[in-house]
>>> print(open('run37.csv').read())   # CSV, C-alpha atoms
chain,number,residue,atom,x,y,z
A,1,ASP,CA,-6.8,15.7,-5.8
A,2,THR,CA,-5.1,12.6,-4.6
A,3,GLU,CA,-5.6,10.4,-7.6
A,4,VAL,CA,-3.2,7.9,-9.1
A,5,THR,CA,-4.4,6.3,-12.3
A,6,GLN,CA,-3.4,3.0,-13.8
A,7,THR,CA,-4.1,1.3,-17.1
A,8,PRO,CA,-5.2,-1.2,-18.0
A,9,LYS,CA,-7.6,-2.4,-15.2
A,10,HIS,CA,-7.3,-6.0,-16.3
A,11,LEU,CA,-4.7,-7.8,-18.4
A,12,VAL,CA,-4.5,-11.4,-19.6
A,13,MET,CA,-1.3,-12.3,-21.3
A,14,GLY,CA,0.5,-15.4,-22.4
A,15,MET,CA,3.9,-16.4,-21.3
A,16,THR,CA,5.5,-15.3,-24.5
A,17,ASN,CA,3.8,-11.9,-24.7
A,18,LYS,CA,5.2,-8.5,-24.1
A,19,LYS,CA,3.0,-5.9,-22.4
A,20,SER,CA,3.2,-2.8,-20.3
A,21,LEU,CA,1.4,-1.4,-17.3
A,22,LYS,CA,1.0,2.4,-17.0
A,23,CYS,CA,0.7,4.6,-14.0
A,24,GLU,CA,0.2,8.4,-13.9
A,25,GLN,CA,-0.1,11.0,-11.2
A,26,HIS,CA,-0.5,14.8,-11.4
A,27,MET,CA,0.0,15.6,-7.8
A,28,GLY,CA,3.6,16.7,-8.2
A,29,HIS,CA,4.8,13.7,-6.2
A,30,ARG,CA,8.5,12.9,-6.6
A,31,ALA,CA,8.5,9.3,-5.4
A,32,MET,CA,6.7,6.5,-7.3
A,33,TYR,CA,6.3,2.8,-6.4
A,34,TRP,CA,5.4,-0.5,-8.0
A,35,TYR,CA,3.9,-3.2,-5.7
A,36,LYS,CA,2.7,-6.7,-6.3
A,37,GLN,CA,-0.2,-8.0,-4.2
A,38,LYS,CA,-1.3,-11.6,-4.0
A,39,ALA,CA,-4.7,-12.6,-2.6
A,40,LYS,CA,-5.0,-12.1,1.2
A,41,LYS,CA,-1.5,-10.8,1.5
A,42,PRO,CA,-0.3,-7.2,2.0
A,43,PRO,CA,1.4,-5.3,-0.9
A,44,GLU,CA,4.9,-6.4,-1.7
A,45,LEU,CA,7.3,-3.7,-2.9
A,46,MET,CA,9.0,-4.2,-6.2
A,47,PHE,CA,10.5,-0.9,-7.3
A,48,VAL,CA,10.9,2.7,-6.0
A,49,TYR,CA,11.7,5.7,-8.2
A,50,SER,CA,12.8,8.8,-6.4
A,51,TYR,CA,13.1,12.0,-8.5
A,52,GLU,CA,12.8,9.9,-11.6
A,53,LYS,CA,15.8,7.7,-10.6
A,54,LEU,CA,15.5,4.0,-9.6
A,55,SER,CA,16.3,3.9,-5.9
A,56,ILE,CA,15.1,0.4,-4.9
A,57,ASN,CA,14.8,-2.8,-6.8
A,58,GLU,CA,13.7,-5.5,-4.4
A,59,SER,CA,15.5,-8.3,-6.3
A,60,VAL,CA,12.7,-8.4,-8.9
A,61,PRO,CA,13.3,-10.9,-11.8
A,62,SER,CA,14.4,-9.2,-15.0
A,63,ARG,CA,11.2,-10.2,-16.8
A,64,PHE,CA,9.8,-7.1,-15.0
A,65,SER,CA,11.4,-3.9,-16.2
A,66,PRO,CA,10.4,-0.5,-14.8
A,67,GLU,CA,10.7,2.8,-16.5
A,68,CYS,CA,10.0,6.4,-15.3
A,69,PRO,CA,9.8,8.6,-18.5
A,70,ASN,CA,9.0,11.7,-16.4
A,71,SER,CA,8.0,12.8,-12.9
A,72,SER,CA,4.3,12.0,-13.6
A,73,LEU,CA,4.6,8.7,-15.4
A,74,LEU,CA,5.7,5.2,-14.4
A,75,ASN,CA,5.6,2.1,-16.6
A,76,LEU,CA,6.2,-1.5,-15.9
A,77,HIS,CA,7.2,-3.6,-18.9
A,78,LEU,CA,6.4,-7.3,-18.8
A,79,HIS,CA,8.0,-10.0,-20.8
A,80,ALA,CA,8.0,-13.8,-20.6
A,81,LEU,CA,6.0,-13.9,-17.4
A,82,GLN,CA,5.2,-17.0,-15.5
A,83,PRO,CA,1.7,-18.0,-14.2
A,84,GLU,CA,2.9,-17.3,-10.7
A,85,ASP,CA,3.3,-13.7,-11.7
A,86,SER,CA,-0.5,-13.4,-11.8
A,87,ALA,CA,-1.5,-10.8,-9.2
A,88,LEU,CA,-2.8,-7.3,-8.6
A,89,TYR,CA,-0.1,-4.8,-9.5
A,90,LEU,CA,-0.4,-1.5,-7.6
A,91,CYS,CA,1.3,1.8,-8.4
A,92,ALA,CA,1.7,4.4,-5.6
A,93,SER,CA,3.1,7.8,-5.2
A,94,SER,CA,4.2,10.0,-2.3
A,95,PRO,CA,5.3,13.7,-2.1
A,96,ARG,CA,8.9,13.0,-1.6
A,97,GLY,CA,9.5,9.6,-0.1
A,98,VAL,CA,8.5,6.9,2.3
A,99,THR,CA,8.2,9.3,5.3
A,100,TYR,CA,5.2,10.8,3.6
A,101,GLU,CA,1.9,9.1,2.9
A,102,GLN,CA,1.6,7.0,-0.2
A,103,TYR,CA,-1.4,7.1,-2.4
A,104,PHE,CA,-2.3,4.0,-4.4
A,105,GLY,CA,-3.8,3.6,-7.8
A,106,PRO,CA,-6.6,1.2,-8.4
A,107,GLY,CA,-4.3,-1.5,-9.7
A,108,THR,CA,-4.0,-3.8,-12.7
A,109,ARG,CA,-5.3,-7.3,-12.3
A,110,LEU,CA,-2.8,-9.4,-14.3
A,111,THR,CA,-3.5,-13.0,-15.3
A,112,VAL,CA,-0.7,-14.9,-17.0
A,113,THR,CA,-1.9,-18.0,-18.9
B,1,GLU,CA,14.6,-7.1,11.2
B,2,ASP,CA,11.9,-4.4,11.2
B,3,LYS,CA,8.4,-5.7,11.6
B,4,VAL,CA,4.8,-4.6,12.0
B,5,VAL,CA,2.3,-6.8,13.7
B,6,GLN,CA,-1.5,-6.4,13.6
B,7,SER,CA,-4.1,-7.9,15.9
B,8,PRO,CA,-6.6,-9.3,15.7
B,9,LEU,CA,-6.3,-10.7,12.1
B,10,SER,CA,-10.0,-10.8,11.7
B,11,LEU,CA,-13.1,-9.5,13.4
B,12,VAL,CA,-16.8,-9.9,12.9
B,13,VAL,CA,-19.1,-7.3,14.5
B,14,HIS,CA,-22.6,-6.0,14.1
B,15,GLU,CA,-23.5,-2.6,12.7
B,16,GLY,CA,-23.3,0.1,15.4
B,17,ASP,CA,-20.5,-1.6,17.3
B,18,THR,CA,-17.2,0.1,18.1
B,19,VAL,CA,-14.1,-1.7,17.1
B,20,THR,CA,-10.4,-1.2,18.0
B,21,LEU,CA,-7.7,-2.4,15.7
B,22,ASN,CA,-4.2,-2.8,17.1
B,23,CYS,CA,-0.8,-2.4,15.4
B,24,SER,CA,2.6,-2.8,17.0
B,25,TYR,CA,5.9,-2.0,15.4
B,26,GLU,CA,9.5,-2.6,15.7
B,27,VAL,CA,11.4,-0.4,13.3
B,28,THR,CA,14.7,1.4,13.6
B,29,ASN,CA,14.7,5.2,13.4
B,30,PHE,CA,10.9,5.4,13.6
B,31,ARG,CA,9.5,8.1,11.3
B,32,SER,CA,5.8,7.4,10.8
B,33,LEU,CA,3.0,4.9,11.0
B,34,LEU,CA,0.3,4.7,8.4
B,35,TRP,CA,-3.2,3.1,8.3
B,36,TYR,CA,-4.9,2.0,5.1
B,37,LYS,CA,-8.3,0.6,4.2
B,38,GLN,CA,-8.4,-1.9,1.4
B,39,GLU,CA,-11.7,-3.1,0.0
B,40,LYS,CA,-11.7,-4.9,-3.4
B,41,LYS,CA,-9.0,-2.9,-5.0
B,42,ALA,CA,-6.3,-0.5,-3.9
B,43,PRO,CA,-5.5,0.5,-0.4
B,44,THR,CA,-7.0,3.9,0.5
B,45,PHE,CA,-4.9,6.1,2.8
B,46,LEU,CA,-6.6,6.8,6.2
B,47,PHE,CA,-4.0,8.3,8.6
B,48,MET,CA,-0.3,9.0,9.0
B,49,LEU,CA,0.9,9.4,12.6
B,50,THR,CA,4.3,10.8,13.5
B,51,SER,CA,6.1,12.0,16.6
B,52,SER,CA,4.6,15.4,16.1
B,53,GLY,CA,1.1,14.1,15.2
B,54,ILE,CA,0.2,11.3,17.5
B,55,GLU,CA,-3.6,11.6,17.2
B,56,LYS,CA,-5.8,11.9,14.1
B,57,LYS,CA,-9.5,11.8,13.6
B,58,SER,CA,-11.8,11.8,10.6
B,59,GLY,CA,-15.5,11.3,11.1
B,60,ARG,CA,-16.1,8.0,12.9
B,61,LEU,CA,-12.4,6.9,12.5
B,62,SER,CA,-9.6,7.9,14.8
B,63,SER,CA,-6.1,6.7,15.5
B,64,ILE,CA,-3.6,7.2,18.2
B,65,LEU,CA,0.2,6.5,18.3
B,66,ASP,CA,1.8,5.4,21.5
B,67,LYS,CA,5.5,5.8,21.1
B,68,LYS,CA,6.3,4.4,24.5
B,69,GLU,CA,4.5,1.2,23.8
B,70,LEU,CA,5.5,1.2,20.1
B,71,SER,CA,2.0,0.7,19.0
B,72,SER,CA,-1.0,2.4,17.4
B,73,ILE,CA,-4.8,1.8,17.5
B,74,LEU,CA,-7.4,2.5,14.9
B,75,ASN,CA,-10.9,3.1,16.4
B,76,ILE,CA,-14.1,2.9,14.4
B,77,THR,CA,-17.3,4.0,16.2
B,78,ALA,CA,-20.8,3.2,15.1
B,79,THR,CA,-19.6,0.8,12.4
B,80,GLN,CA,-21.4,0.4,9.1
B,81,THR,CA,-21.4,-2.4,6.6
B,82,GLY,CA,-19.3,-0.1,4.4
B,83,ASP,CA,-16.5,-0.3,6.9
B,84,SER,CA,-16.1,-4.0,6.0
B,85,ALA,CA,-12.6,-4.2,4.6
B,86,ILE,CA,-9.0,-5.2,5.3
B,87,TYR,CA,-7.2,-2.6,7.4
B,88,LEU,CA,-3.4,-2.4,6.8
B,89,CYS,CA,-0.9,-0.8,9.1
B,90,ALA,CA,2.6,0.1,7.8
B,91,ALA,CA,5.8,1.8,8.8
B,92,PRO,CA,8.8,2.9,6.9
B,93,GLN,CA,11.7,0.5,7.3
B,94,GLY,CA,14.7,2.1,9.0
B,95,GLY,CA,17.1,3.6,6.6
B,96,SER,CA,15.1,2.7,3.6
B,97,GLU,CA,12.4,3.9,1.2
B,98,LYS,CA,10.4,0.7,1.9
B,99,LEU,CA,7.2,0.4,3.8
B,100,VAL,CA,6.9,-2.6,6.1
B,101,PHE,CA,3.3,-3.8,6.2
B,102,GLY,CA,1.4,-5.8,8.8
B,103,LYS,CA,-0.6,-8.8,7.5
B,104,GLY,CA,-3.8,-6.8,7.6
B,105,MET,CA,-6.9,-7.2,9.7
B,106,LYS,CA,-10.1,-8.3,8.0
B,107,LEU,CA,-13.1,-6.5,9.5
B,108,THR,CA,-16.6,-7.8,8.7
B,109,VAL,CA,-19.6,-5.6,9.8
B,110,ASN,CA,-22.9,-7.5,9.6
B,111,PRO,CA,-26.2,-5.7,9.3
>>> encode(input="run37.csv", output="structure tokens")
Amino acid sequence: DTEVTQTPKHLVMGMTNKKSLKCEQHMGHRAMYWYKQKAKKPPELMFVYSYEKLSINESVPSRFSPECPNSSLLNLHLHALQPEDSALYLCASSPRGVTYEQYFGPGTRLTVT
Amino acid sequence: EDKVVQSPLSLVVHEGDTVTLNCSYEVTNFRSLLWYKQEKKAPTFLFMLTSSGIEKKSGRLSSILDKKELSSILNITATQTGDSAIYLCAAPQGGSEKLVFGKGMKLTVNP
């Protein structure tokens, strides 16, 4: 089973809202990733968690706040987003790190109004 | 700066054709190269190539790593309309947990 699940599938939020994206994997993977993808562009790395510790923050604005409650779960908390943050948000996991293949979840299509 | 370059960026073929997608890379401390297929949603993992696994095959898809030329190809034989997608090539950035992606190649297979 190489499944990464993400909820919700779609999210529309206003600029003053607070919402969270959720990602889950049960493959025993110890590295988890958040990516942002704009149309016709490759995924852009936001955060990396390795063994439940934040190992990379790609200078992401503080209105995005990641959380890794346990080895299977990854959240992305959203607050005071801007319309330009509208994108597909992808979660991925890999067995131990970037040397290994990453498996992506289906993504959350986020629209900020 | 590490980079991954794909060519061509788009290709239109007819069903049954064979296509070859190219990926060249310049990364420090090369570890692996990955191919993904992206349709409407998330990228789907296809292959990972390393120094100890330079050739992979799955059905009509195959991929080869050329470490001397710092490149990889993805071959698709007997293409089908379901092969229409964006194909992404990526490699781990040297000394980092970050994947460097190419811009992607849009393949359209017409019936």
>>> residues_around(input="run37.csv", residues="region 49-51 of chain A", least_positions_apart="4", cutoff="6 Å", atoms="only C-alpha atoms", output="ChimeraX atom specification")
/A:30-32,55
>>> closest_residue(input="run37.csv", among="B:Leu65, B:Leu99, B:Glu55, B:Leu33", to="Tyr33 (chain A)", atoms="all atoms listed in the file")
B:Leu99
>>> closest_residue(input="run37.csv", among="A:His26, A:Tyr35, A:Val12, A:Ser72", to="Pro106 (chain A)", atoms="only C-alpha atoms")
A:Tyr35
>>> interface_residues(input="run37.csv", of="chain B", to="chain A", cutoff="7 Å", atoms="all atoms listed in the file", output="list in words")
Arg31, Ser32, Lys41, Ala42, Pro43, Thr44, Phe45, Met48, Pro92, Glu97, Lys98, Leu99, Phe101, Lys103 and Gly104 of chain B
>>> write_last_selection(input="run37.csv", atoms="C-alpha atoms", output="mmCIF file, keeping the file's coordinate frame")
data_model
loop_
_atom_site.group_PDB
_atom_site.id
_atom_site.type_symbol
_atom_site.label_atom_id
_atom_site.label_comp_id
_atom_site.auth_asym_id
_atom_site.auth_seq_id
_atom_site.Cartn_x
_atom_site.Cartn_y
_atom_site.Cartn_z
ATOM 1 C CA ARG B 31 9.500 8.100 11.300
ATOM 2 C CA SER B 32 5.800 7.400 10.800
ATOM 3 C CA LYS B 41 -9.000 -2.900 -5.000
ATOM 4 C CA ALA B 42 -6.300 -0.500 -3.900
ATOM 5 C CA PRO B 43 -5.500 0.500 -0.400
ATOM 6 C CA THR B 44 -7.000 3.900 0.500
ATOM 7 C CA PHE B 45 -4.900 6.100 2.800
ATOM 8 C CA MET B 48 -0.300 9.000 9.000
ATOM 9 C CA PRO B 92 8.800 2.900 6.900
ATOM 10 C CA GLU B 97 12.400 3.900 1.200
ATOM 11 C CA LYS B 98 10.400 0.700 1.900
ATOM 12 C CA LEU B 99 7.200 0.400 3.800
ATOM 13 C CA PHE B 101 3.300 -3.800 6.200
ATOM 14 C CA LYS B 103 -0.600 -8.800 7.500
ATOM 15 C CA GLY B 104 -3.800 -6.800 7.600
#
>>> residues_around(input="run37.csv", residues="Val19 (chain B)", least_positions_apart="6", cutoff="9 Å", atoms="only C-alpha atoms", output="VMD selection string")
chain B and resid 11 13 74 to 79
>>> atom_distance(input="run37.csv", atom1="CA of Val60 (chain A)", atom2="CA of Ala80 (chain A)")
13.7 Å
>>> residues_around(input="run37.csv", residues="Gly94 (chain B)", least_positions_apart="5", cutoff="10 Å", atoms="only C-alpha atoms", output="MDAnalysis selection string")
chainID B and resid 1:2 26:31 99:100
>>> atom_distance(input="run37.csv", atom1="CA of Arg63 (chain A)", atom2="CA of Lys38 (chain A)")
17.9 Å
>>> residues_near_point(input="run37.csv", point="(12.6, -10.9, -13.5)", cutoff="12 Å", atoms="only C-alpha atoms", output="ChimeraX atom specification")
/A:46-47,57-66,76-82,84-85
>>> decode(input="run37.csv", residues="region 19-55 of chain A", atoms="N, CA, C and O atoms", output="PDB file, in the first residue's frame")
ATOM      1  N   LYS A  19      -7.936  27.759   8.917  1.00  0.00           N
ATOM      2  CA  LYS A  19      -8.291  26.404   8.513  1.00  0.00           C
ATOM      3  C   LYS A  19      -7.049  25.529   8.608  1.00  0.00           C
ATOM      4  O   LYS A  19      -5.917  26.027   8.742  1.00  0.00           O
ATOM      5  N   SER A  20      -7.277  24.222   8.508  1.00  0.00           N
ATOM      6  CA  SER A  20      -6.152  23.284   8.532  1.00  0.00           C
ATOM      7  C   SER A  20      -6.283  22.248   7.437  1.00  0.00           C
ATOM      8  O   SER A  20      -7.395  21.791   7.135  1.00  0.00           O
ATOM      9  N   LEU A  21      -5.160  21.867   6.869  1.00  0.00           N
ATOM     10  CA  LEU A  21      -5.087  20.751   5.939  1.00  0.00           C
ATOM     11  C   LEU A  21      -4.481  19.565   6.675  1.00  0.00           C
ATOM     12  O   LEU A  21      -3.571  19.729   7.500  1.00  0.00           O
ATOM     13  N   LYS A  22      -4.991  18.377   6.335  1.00  0.00           N
ATOM     14  CA  LYS A  22      -4.525  17.175   7.025  1.00  0.00           C
ATOM     15  C   LYS A  22      -3.957  16.171   6.036  1.00  0.00           C
ATOM     16  O   LYS A  22      -4.481  16.012   4.935  1.00  0.00           O
ATOM     17  N   CYS A  23      -2.916  15.486   6.447  1.00  0.00           N
ATOM     18  CA  CYS A  23      -2.269  14.466   5.626  1.00  0.00           C
ATOM     19  C   CYS A  23      -1.982  13.258   6.502  1.00  0.00           C
ATOM     20  O   CYS A  23      -1.553  13.406   7.658  1.00  0.00           O
ATOM     21  N   GLU A  24      -2.190  12.066   5.957  1.00  0.00           N
ATOM     22  CA  GLU A  24      -1.972  10.854   6.733  1.00  0.00           C
ATOM     23  C   GLU A  24      -1.351   9.767   5.870  1.00  0.00           C
ATOM     24  O   GLU A  24      -1.716   9.605   4.706  1.00  0.00           O
ATOM     25  N   GLN A  25      -0.421   9.039   6.445  1.00  0.00           N
ATOM     26  CA  GLN A  25       0.144   7.868   5.761  1.00  0.00           C
ATOM     27  C   GLN A  25       0.364   6.770   6.787  1.00  0.00           C
ATOM     28  O   GLN A  25       0.697   7.056   7.934  1.00  0.00           O
ATOM     29  N   HIS A  26       0.168   5.527   6.350  1.00  0.00           N
ATOM     30  CA  HIS A  26       0.349   4.383   7.243  1.00  0.00           C
ATOM     31  C   HIS A  26       1.334   3.403   6.636  1.00  0.00           C
ATOM     32  O   HIS A  26       1.162   2.186   6.739  1.00  0.00           O
ATOM     33  N   MET A  27       2.371   3.963   6.006  1.00  0.00           N
ATOM     34  CA  MET A  27       3.389   3.114   5.388  1.00  0.00           C
ATOM     35  C   MET A  27       4.632   3.019   6.259  1.00  0.00           C
ATOM     36  O   MET A  27       5.635   2.437   5.846  1.00  0.00           O
ATOM     37  N   GLY A  28       4.594   3.650   7.428  1.00  0.00           N
ATOM     38  CA  GLY A  28       5.775   3.645   8.286  1.00  0.00           C
ATOM     39  C   GLY A  28       6.865   4.580   7.800  1.00  0.00           C
ATOM     40  O   GLY A  28       8.019   4.470   8.236  1.00  0.00           O
ATOM     41  N   HIS A  29       6.512   5.494   6.897  1.00  0.00           N
ATOM     42  CA  HIS A  29       7.492   6.439   6.390  1.00  0.00           C
ATOM     43  C   HIS A  29       7.860   7.445   7.471  1.00  0.00           C
ATOM     44  O   HIS A  29       7.025   7.861   8.265  1.00  0.00           O
ATOM     45  N   ARG A  30       9.152   7.847   7.470  1.00  0.00           N
ATOM     46  CA  ARG A  30       9.601   8.736   8.541  1.00  0.00           C
ATOM     47  C   ARG A  30       9.904  10.147   8.043  1.00  0.00           C
ATOM     48  O   ARG A  30      10.352  10.982   8.820  1.00  0.00           O
ATOM     49  N   ALA A  31       9.708  10.395   6.771  1.00  0.00           N
ATOM     50  CA  ALA A  31       9.875  11.744   6.230  1.00  0.00           C
ATOM     51  C   ALA A  31       8.569  12.156   5.574  1.00  0.00           C
ATOM     52  O   ALA A  31       7.978  11.386   4.807  1.00  0.00           O
ATOM     53  N   MET A  32       8.112  13.371   5.875  1.00  0.00           N
ATOM     54  CA  MET A  32       6.867  13.879   5.296  1.00  0.00           C
ATOM     55  C   MET A  32       7.081  15.309   4.817  1.00  0.00           C
ATOM     56  O   MET A  32       7.875  16.056   5.397  1.00  0.00           O
ATOM     57  N   TYR A  33       6.376  15.659   3.754  1.00  0.00           N
ATOM     58  CA  TYR A  33       6.641  16.903   3.041  1.00  0.00           C
ATOM     59  C   TYR A  33       5.339  17.641   2.731  1.00  0.00           C
ATOM     60  O   TYR A  33       4.318  17.014   2.449  1.00  0.00           O
ATOM     61  N   TRP A  34       5.410  18.965   2.745  1.00  0.00           N
ATOM     62  CA  TRP A  34       4.357  19.798   2.182  1.00  0.00           C
ATOM     63  C   TRP A  34       4.912  20.525   0.970  1.00  0.00           C
ATOM     64  O   TRP A  34       6.002  21.105   1.022  1.00  0.00           O
ATOM     65  N   TYR A  35       4.138  20.469  -0.128  1.00  0.00           N
ATOM     66  CA  TYR A  35       4.453  21.177  -1.356  1.00  0.00           C
ATOM     67  C   TYR A  35       3.281  22.069  -1.732  1.00  0.00           C
ATOM     68  O   TYR A  35       2.140  21.770  -1.458  1.00  0.00           O
ATOM     69  N   LYS A  36       3.619  23.130  -2.465  1.00  0.00           N
ATOM     70  CA  LYS A  36       2.614  23.995  -3.073  1.00  0.00           C
ATOM     71  C   LYS A  36       2.821  23.911  -4.574  1.00  0.00           C
ATOM     72  O   LYS A  36       3.967  23.962  -5.059  1.00  0.00           O
ATOM     73  N   GLN A  37       1.732  23.752  -5.308  1.00  0.00           N
ATOM     74  CA  GLN A  37       1.853  23.673  -6.765  1.00  0.00           C
ATOM     75  C   GLN A  37       0.874  24.626  -7.436  1.00  0.00           C
ATOM     76  O   GLN A  37      -0.336  24.505  -7.254  1.00  0.00           O
ATOM     77  N   LYS A  38       1.416  25.518  -8.235  1.00  0.00           N
ATOM     78  CA  LYS A  38       0.615  26.415  -9.058  1.00  0.00           C
ATOM     79  C   LYS A  38       0.446  25.765 -10.430  1.00  0.00           C
ATOM     80  O   LYS A  38       1.230  24.903 -10.840  1.00  0.00           O
ATOM     81  N   ALA A  39      -0.557  26.245 -11.155  1.00  0.00           N
ATOM     82  CA  ALA A  39      -0.875  25.666 -12.459  1.00  0.00           C
ATOM     83  C   ALA A  39       0.336  25.720 -13.393  1.00  0.00           C
ATOM     84  O   ALA A  39       1.025  26.732 -13.485  1.00  0.00           O
ATOM     85  N   LYS A  40       0.566  24.596 -14.076  1.00  0.00           N
ATOM     86  CA  LYS A  40       1.617  24.467 -15.080  1.00  0.00           C
ATOM     87  C   LYS A  40       3.018  24.665 -14.520  1.00  0.00           C
ATOM     88  O   LYS A  40       3.953  25.004 -15.259  1.00  0.00           O
ATOM     89  N   LYS A  41       3.165  24.467 -13.223  1.00  0.00           N
ATOM     90  CA  LYS A  41       4.478  24.556 -12.593  1.00  0.00           C
ATOM     91  C   LYS A  41       4.742  23.262 -11.835  1.00  0.00           C
ATOM     92  O   LYS A  41       3.809  22.589 -11.417  1.00  0.00           O
ATOM     93  N   PRO A  42       6.015  22.903 -11.614  1.00  0.00           N
ATOM     94  CA  PRO A  42       6.285  21.727 -10.783  1.00  0.00           C
ATOM     95  C   PRO A  42       5.996  22.028  -9.318  1.00  0.00           C
ATOM     96  O   PRO A  42       5.876  23.206  -8.942  1.00  0.00           O
ATOM     97  N   PRO A  43       5.891  21.004  -8.483  1.00  0.00           N
ATOM     98  CA  PRO A  43       5.676  21.239  -7.046  1.00  0.00           C
ATOM     99  C   PRO A  43       6.836  22.041  -6.455  1.00  0.00           C
ATOM    100  O   PRO A  43       8.000  21.870  -6.829  1.00  0.00           O
ATOM    101  N   GLU A  44       6.478  22.887  -5.495  1.00  0.00           N
ATOM    102  CA  GLU A  44       7.454  23.751  -4.830  1.00  0.00           C
ATOM    103  C   GLU A  44       7.491  23.369  -3.352  1.00  0.00           C
ATOM    104  O   GLU A  44       6.467  23.445  -2.665  1.00  0.00           O
ATOM    105  N   LEU A  45       8.646  22.955  -2.876  1.00  0.00           N
ATOM    106  CA  LEU A  45       8.753  22.493  -1.489  1.00  0.00           C
ATOM    107  C   LEU A  45       8.474  23.615  -0.500  1.00  0.00           C
ATOM    108  O   LEU A  45       8.947  24.746  -0.665  1.00  0.00           O
ATOM    109  N   MET A  46       7.690  23.262   0.552  1.00  0.00           N
ATOM    110  CA  MET A  46       7.443  24.219   1.632  1.00  0.00           C
ATOM    111  C   MET A  46       8.153  23.768   2.909  1.00  0.00           C
ATOM    112  O   MET A  46       8.943  24.499   3.493  1.00  0.00           O
ATOM    113  N   PHE A  47       7.835  22.564   3.359  1.00  0.00           N
ATOM    114  CA  PHE A  47       8.357  22.061   4.631  1.00  0.00           C
ATOM    115  C   PHE A  47       8.731  20.585   4.499  1.00  0.00           C
ATOM    116  O   PHE A  47       8.112  19.849   3.733  1.00  0.00           O
ATOM    117  N   VAL A  48       9.726  20.187   5.321  1.00  0.00           N
ATOM    118  CA  VAL A  48      10.082  18.778   5.440  1.00  0.00           C
ATOM    119  C   VAL A  48      10.127  18.421   6.919  1.00  0.00           C
ATOM    120  O   VAL A  48      10.730  19.141   7.722  1.00  0.00           O
ATOM    121  N   TYR A  49       9.475  17.315   7.260  1.00  0.00           N
ATOM    122  CA  TYR A  49       9.595  16.737   8.595  1.00  0.00           C
ATOM    123  C   TYR A  49      10.339  15.418   8.463  1.00  0.00           C
ATOM    124  O   TYR A  49       9.980  14.572   7.644  1.00  0.00           O
ATOM    125  N   SER A  50      11.355  15.255   9.289  1.00  0.00           N
ATOM    126  CA  SER A  50      12.111  14.019   9.310  1.00  0.00           C
ATOM    127  C   SER A  50      12.085  13.474  10.728  1.00  0.00           C
ATOM    128  O   SER A  50      12.494  14.176  11.661  1.00  0.00           O
ATOM    129  N   TYR A  51      11.571  12.270  10.872  1.00  0.00           N
ATOM    130  CA  TYR A  51      11.407  11.676  12.210  1.00  0.00           C
ATOM    131  C   TYR A  51      10.682  12.656  13.140  1.00  0.00           C
ATOM    132  O   TYR A  51      11.106  12.884  14.282  1.00  0.00           O
ATOM    133  N   GLU A  52       9.619  13.225  12.623  1.00  0.00           N
ATOM    134  CA  GLU A  52       8.698  14.092  13.355  1.00  0.00           C
ATOM    135  C   GLU A  52       9.300  15.428  13.752  1.00  0.00           C
ATOM    136  O   GLU A  52       8.672  16.177  14.519  1.00  0.00           O
ATOM    137  N   LYS A  53      10.482  15.751  13.260  1.00  0.00           N
ATOM    138  CA  LYS A  53      11.067  17.052  13.547  1.00  0.00           C
ATOM    139  C   LYS A  53      11.153  17.865  12.255  1.00  0.00           C
ATOM    140  O   LYS A  53      11.509  17.316  11.196  1.00  0.00           O
ATOM    141  N   LEU A  54      10.877  19.141  12.362  1.00  0.00           N
ATOM    142  CA  LEU A  54      10.954  20.008  11.199  1.00  0.00           C
ATOM    143  C   LEU A  54      12.419  20.144  10.795  1.00  0.00           C
ATOM    144  O   LEU A  54      13.242  20.611  11.570  1.00  0.00           O
ATOM    145  N   SER A  55      12.720  19.718   9.562  1.00  0.00           N
ATOM    146  CA  SER A  55      14.111  19.783   9.121  1.00  0.00           C
ATOM    147  C   SER A  55      14.331  20.841   8.046  1.00  0.00           C
ATOM    148  O   SER A  55      15.445  21.324   7.867  1.00  0.00           O
TER     149      SER A  55
END
